[in-house]
Amino acid sequence: MTAPHGAELAQAVTLLRAGELVAFPTETVYGLGADAANPAAIRKIFDAKGRPADHPLIVHLPDASHLDRWAAEVPAQARVLADRFWPGPLTLILRRAPDVPREVTGGQDTIGLRVPSHPVALALLAAFDGGIAAPSANRFGRISATTAAHVRDEFGEAVSLVLDGGSCDVGIESTIVDLSRGTPVVLRPGAIGRPELAEALGTPVAGMKTTTTDVPRVPGALESHYAPSTPMRLLARDLLDAQLADLAATSAVVGVFAHGPCPDIATAMWIEAPDDARAYARRLYAALRELDAVRPVVILVERPPDTPEWAAILDRLQRASHP
Ligand code: TXA
Ligand code: MG
């Protein structure tokens with residue numbers, strides 16, 4: 001795996017301490033990081049992303065022993081999930097400690113916390129020895145970055161240092177579980193599914209759809225999010241084939257992410273979708289970027305099955321294809 005040298009890590013820590021931004025790999029997607037205790041540094045994240053100031057950030061921690069610095073209350077369920085799934089692709093929403101900068105939490109009384117498992121993220125966090133606030137390293141509303149090159153494409157010179165840790169292994173953003181209001185609720189599905197969370201907690205875990213009121217603001221919960229610039233359609237395979245045939249007749253370039261090999265259509269830019277859900281998630285955002293780059297008239301994506309292992313992928317595809 002690609003790994004930054006010790007000197008580069010030291011430079012990253014120096015930049016973070018000076019209130020500058022550093023992009024770094026996590027196992028889910030790349031993050032655009034800043035010192036979570038420094039409000040001026042946090043504001044730079046919002047400026048770089050073009051993100052509304054009331055959208056809260058996730059604070060990344062070196063390990064679970066840092067929880068009490070950032071959370072006012074760490075319920076037993078949080079300890080259980082942290083023990084079981086950290087380091088890993090799980091974010092816990094807890095009541096925030098009183099001195100957390102309001103820039104981090106978008107003015108809310110809760111905070112998102114996670115310990116990522118990527119070795120470069122862990123090395124950076126250990127060397128920094130504090131919380132690093134980091135949203136996904138993409139401009140607001142766009143697809144998350146899963147390689148260092150994606151981050152540079154998004155931000156160019158605006159981000160001085162991008163630590164390169166290769167392609168992200170999970171490929172989609174962390175599962176977010178809200179533990180701040182009694183019963184656990186998944187606010188954003190991810191690689192760690194509700195069944196695994198329920199099994200660890202010994203209690204059912206609700207999803208967003210079952211809670212209709214009092215849902216905190218989650219930009220990932222906006223209907224349109226994680227979108228390529230090209231319009232995207234999510235279609236069952238027979239409908240996809242039919243649309244592709246129609247479009248082939250117009251000789252317009254069409255992007256396709258679907259299972260199996262490309263049929264004999266010269267105007268299709270076809271990327272074969274992995275059949276396994278984990279491999280699919282790992283490939284998804286890079287594939288959408290590659291398709292977007294050829295400026296097709298539309299990107300057609302074969303709809304994955306409506307089963308638990310595809311739930312997080314389906315969630316992202318639905319948002320990306322929302323008009
Ligand atoms: O995998 C990930 O979670 C990546 C990597 C970099 O860690 N980060 C990420 O950050 O996806 P971002 O900012 O793109 O998405 C974070 C989500 C947002 O939807 C935000 O609203 C939600 O977490 N969030 C953060 N704090 C929250 C809070 N206190 N209450 C509710 N939602 C919160
Ligand atoms: Mg994001």
# chains A, B, ... in the order shown; residues from 1 in each chain; ligands from 1
>>> closest_atom_pairs(of="chain A", to="ligand 1", cutoff="8 Å", atoms="only C-alpha atoms and all ligand atoms", output="JSON lines")
{"residue": "A:Pro25", "atom": "CA", "partner": "ligand 1", "partner_atom_place_in_ligand_line": "6 (C)", "distance": 7.5}
{"residue": "A:Thr26", "atom": "CA", "partner": "ligand 1", "partner_atom_place_in_ligand_line": "5 (C)", "distance": 6.1}
{"residue": "A:Glu27", "atom": "CA", "partner": "ligand 1", "partner_atom_place_in_ligand_line": "1 (O)", "distance": 7.6}
{"residue": "A:Thr28", "atom": "CA", "partner": "ligand 1", "partner_atom_place_in_ligand_line": "1 (O)", "distance": 4.8}
{"residue": "A:Val29", "atom": "CA", "partner": "ligand 1", "partner_atom_place_in_ligand_line": "5 (C)", "distance": 5.4}
{"residue": "A:Tyr30", "atom": "CA", "partner": "ligand 1", "partner_atom_place_in_ligand_line": "6 (C)", "distance": 5.2}
{"residue": "A:Gly31", "atom": "CA", "partner": "ligand 1", "partner_atom_place_in_ligand_line": "6 (C)", "distance": 3.6}
{"residue": "A:Leu32", "atom": "CA", "partner": "ligand 1", "partner_atom_place_in_ligand_line": "6 (C)", "distance": 6.9}
{"residue": "A:His55", "atom": "CA", "partner": "ligand 1", "partner_atom_place_in_ligand_line": "21 (O)", "distance": 5.3}
{"residue": "A:Pro56", "atom": "CA", "partner": "ligand 1", "partner_atom_place_in_ligand_line": "26 (N)", "distance": 4.3}
{"residue": "A:Leu57", "atom": "CA", "partner": "ligand 1", "partner_atom_place_in_ligand_line": "25 (C)", "distance": 4.5}
{"residue": "A:Ile58", "atom": "CA", "partner": "ligand 1", "partner_atom_place_in_ligand_line": "25 (C)", "distance": 4.8}
{"residue": "A:His60", "atom": "CA", "partner": "ligand 1", "partner_atom_place_in_ligand_line": "7 (O)", "distance": 7.0}
{"residue": "A:Pro89", "atom": "CA", "partner": "ligand 1", "partner_atom_place_in_ligand_line": "1 (O)", "distance": 6.1}
{"residue": "A:Leu90", "atom": "CA", "partner": "ligand 1", "partner_atom_place_in_ligand_line": "3 (O)", "distance": 7.3}
{"residue": "A:Thr91", "atom": "CA", "partner": "ligand 1", "partner_atom_place_in_ligand_line": "3 (O)", "distance": 6.4}
{"residue": "A:Ile93", "atom": "CA", "partner": "ligand 1", "partner_atom_place_in_ligand_line": "29 (N)", "distance": 5.6}
{"residue": "A:Leu94", "atom": "CA", "partner": "ligand 1", "partner_atom_place_in_ligand_line": "29 (N)", "distance": 7.2}
{"residue": "A:Arg95", "atom": "CA", "partner": "ligand 1", "partner_atom_place_in_ligand_line": "29 (N)", "distance": 7.9}
{"residue": "A:Arg96", "atom": "CA", "partner": "ligand 1", "partner_atom_place_in_ligand_line": "29 (N)", "distance": 7.9}
{"residue": "A:Val104", "atom": "CA", "partner": "ligand 1", "partner_atom_place_in_ligand_line": "26 (N)", "distance": 8.0}
{"residue": "A:Thr105", "atom": "CA", "partner": "ligand 1", "partner_atom_place_in_ligand_line": "29 (N)", "distance": 5.6}
{"residue": "A:Gly106", "atom": "CA", "partner": "ligand 1", "partner_atom_place_in_ligand_line": "29 (N)", "distance": 7.7}
{"residue": "A:Gln108", "atom": "CA", "partner": "ligand 1", "partner_atom_place_in_ligand_line": "29 (N)", "distance": 6.1}
{"residue": "A:Asp109", "atom": "CA", "partner": "ligand 1", "partner_atom_place_in_ligand_line": "29 (N)", "distance": 7.0}
{"residue": "A:Thr110", "atom": "CA", "partner": "ligand 1", "partner_atom_place_in_ligand_line": "29 (N)", "distance": 4.2}
{"residue": "A:Ile111", "atom": "CA", "partner": "ligand 1", "partner_atom_place_in_ligand_line": "29 (N)", "distance": 3.8}
{"residue": "A:Gly112", "atom": "CA", "partner": "ligand 1", "partner_atom_place_in_ligand_line": "26 (N)", "distance": 4.1}
{"residue": "A:Leu113", "atom": "CA", "partner": "ligand 1", "partner_atom_place_in_ligand_line": "26 (N)", "distance": 7.7}
{"residue": "A:Arg114", "atom": "CA", "partner": "ligand 1", "partner_atom_place_in_ligand_line": "7 (O)", "distance": 7.3}
{"residue": "A:Pro116", "atom": "CA", "partner": "ligand 1", "partner_atom_place_in_ligand_line": "7 (O)", "distance": 6.8}
{"residue": "A:Ala134", "atom": "CA", "partner": "ligand 1", "partner_atom_place_in_ligand_line": "6 (C)", "distance": 5.5}
{"residue": "A:Pro135", "atom": "CA", "partner": "ligand 1", "partner_atom_place_in_ligand_line": "13 (O)", "distance": 3.3}
{"residue": "A:Ser136", "atom": "CA", "partner": "ligand 1", "partner_atom_place_in_ligand_line": "14 (O)", "distance": 4.0}
{"residue": "A:Ala137", "atom": "CA", "partner": "ligand 1", "partner_atom_place_in_ligand_line": "6 (C)", "distance": 6.9}
{"residue": "A:Asn138", "atom": "CA", "partner": "ligand 1", "partner_atom_place_in_ligand_line": "14 (O)", "distance": 7.9}
{"residue": "A:Ser144", "atom": "CA", "partner": "ligand 1", "partner_atom_place_in_ligand_line": "14 (O)", "distance": 7.4}
{"residue": "A:Ile172", "atom": "CA", "partner": "ligand 1", "partner_atom_place_in_ligand_line": "1 (O)", "distance": 6.6}
{"residue": "A:Glu173", "atom": "CA", "partner": "ligand 1", "partner_atom_place_in_ligand_line": "1 (O)", "distance": 3.4}
{"residue": "A:Ser174", "atom": "CA", "partner": "ligand 1", "partner_atom_place_in_ligand_line": "1 (O)", "distance": 3.7}
{"residue": "A:Thr175", "atom": "CA", "partner": "ligand 1", "partner_atom_place_in_ligand_line": "3 (O)", "distance": 7.0}
{"residue": "A:Ile176", "atom": "CA", "partner": "ligand 1", "partner_atom_place_in_ligand_line": "23 (O)", "distance": 6.8}
{"residue": "A:Asp178", "atom": "CA", "partner": "ligand 1", "partner_atom_place_in_ligand_line": "31 (C)", "distance": 7.1}
{"residue": "A:Leu187", "atom": "CA", "partner": "ligand 1", "partner_atom_place_in_ligand_line": "32 (N)", "distance": 7.1}
{"residue": "A:Arg188", "atom": "CA", "partner": "ligand 1", "partner_atom_place_in_ligand_line": "19 (O)", "distance": 7.4}
{"residue": "A:Pro216", "atom": "CA", "partner": "ligand 1", "partner_atom_place_in_ligand_line": "31 (C)", "distance": 5.3}
{"residue": "A:Arg217", "atom": "CA", "partner": "ligand 1", "partner_atom_place_in_ligand_line": "31 (C)", "distance": 5.8}
{"residue": "A:Val218", "atom": "CA", "partner": "ligand 1", "partner_atom_place_in_ligand_line": "21 (O)", "distance": 3.3}
{"residue": "A:Pro219", "atom": "CA", "partner": "ligand 1", "partner_atom_place_in_ligand_line": "19 (O)", "distance": 4.3}
{"residue": "A:Gly220", "atom": "CA", "partner": "ligand 1", "partner_atom_place_in_ligand_line": "19 (O)", "distance": 3.9}
{"residue": "A:Ala221", "atom": "CA", "partner": "ligand 1", "partner_atom_place_in_ligand_line": "19 (O)", "distance": 6.4}
>>> select_by_dssp(residues="range 8-131 of chain A", states="alpha helix (DSSP H)", output="PyMOL selection string")
chain A and resi 8-17+39-49+67-70+76-85+102-105+119-128
>>> atom_distance(atom1="CA of Gln318 in chain A", atom2="CA of Ala277 in chain A")
15.8 Å
>>> closest_residue(among="A:Ala286, A:Ala191, A:Leu300, A:Ala7", to="Asp241 in chain A", atoms="only C-alpha atoms")
A:Leu300
>>> closest_residue(among="A:Gly33, A:Gly182, A:Pro101, A:Pro119", to="Pro75 in chain A", atoms="only C-alpha atoms")
A:Gly182
>>> closest_residue(among="A:Leu92, A:Ala158, A:Val256, A:Ile45", to="ligand 2", atoms="only C-alpha atoms and all ligand atoms")
A:Ile45
>>> atom_distance(atom1="CA of Ala268 in chain A", atom2="CA of Arg319 in chain A")
23.2 Å
>>> select_by_dssp(residues="range 133-272 of chain A", states="strand (DSSP E or B)", output="PyMOL selection string")
chain A and resi 133+136+142+161-162+175-178+185-188+206-207+227+232-235+254-258+268-272
>>> closest_residue(among="A:Pro62, A:Asp246, A:Leu235, A:Arg316", to="ligand 2", atoms="only C-alpha atoms and all ligand atoms")
A:Arg316
>>> residues_around(residues="Asp129 in chain A", least_positions_apart="4", cutoff="9 Å", atoms="only C-alpha atoms", output="ChimeraX atom specification")
/A:61-62,124-125
>>> write_last_selection(atoms="N, CA and C atoms", output="PDB file, in the first residue's frame")
ATOM      1  N   LEU A  61     -10.817  10.531  16.177  1.00  0.00           N
ATOM      2  CA  LEU A  61     -10.029  10.396  17.406  1.00  0.00           C
ATOM      3  C   LEU A  61      -8.986   9.291  17.262  1.00  0.00           C
ATOM      4  N   PRO A  62      -7.863   9.413  17.996  1.00  0.00           N
ATOM      5  CA  PRO A  62      -6.830   8.367  17.938  1.00  0.00           C
ATOM      6  C   PRO A  62      -7.314   7.036  18.510  1.00  0.00           C
ATOM      7  N   LEU A 124      -1.501   9.466  11.805  1.00  0.00           N
ATOM      8  CA  LEU A 124      -1.667  10.919  11.883  1.00  0.00           C
ATOM      9  C   LEU A 124      -2.325  11.317  13.206  1.00  0.00           C
ATOM     10  N   LEU A 125      -3.388  10.612  13.566  1.00  0.00           N
ATOM     11  CA  LEU A 125      -4.111  10.931  14.808  1.00  0.00           C
ATOM     12  C   LEU A 125      -3.235  10.703  16.038  1.00  0.00           C
TER      13      LEU A 125
END
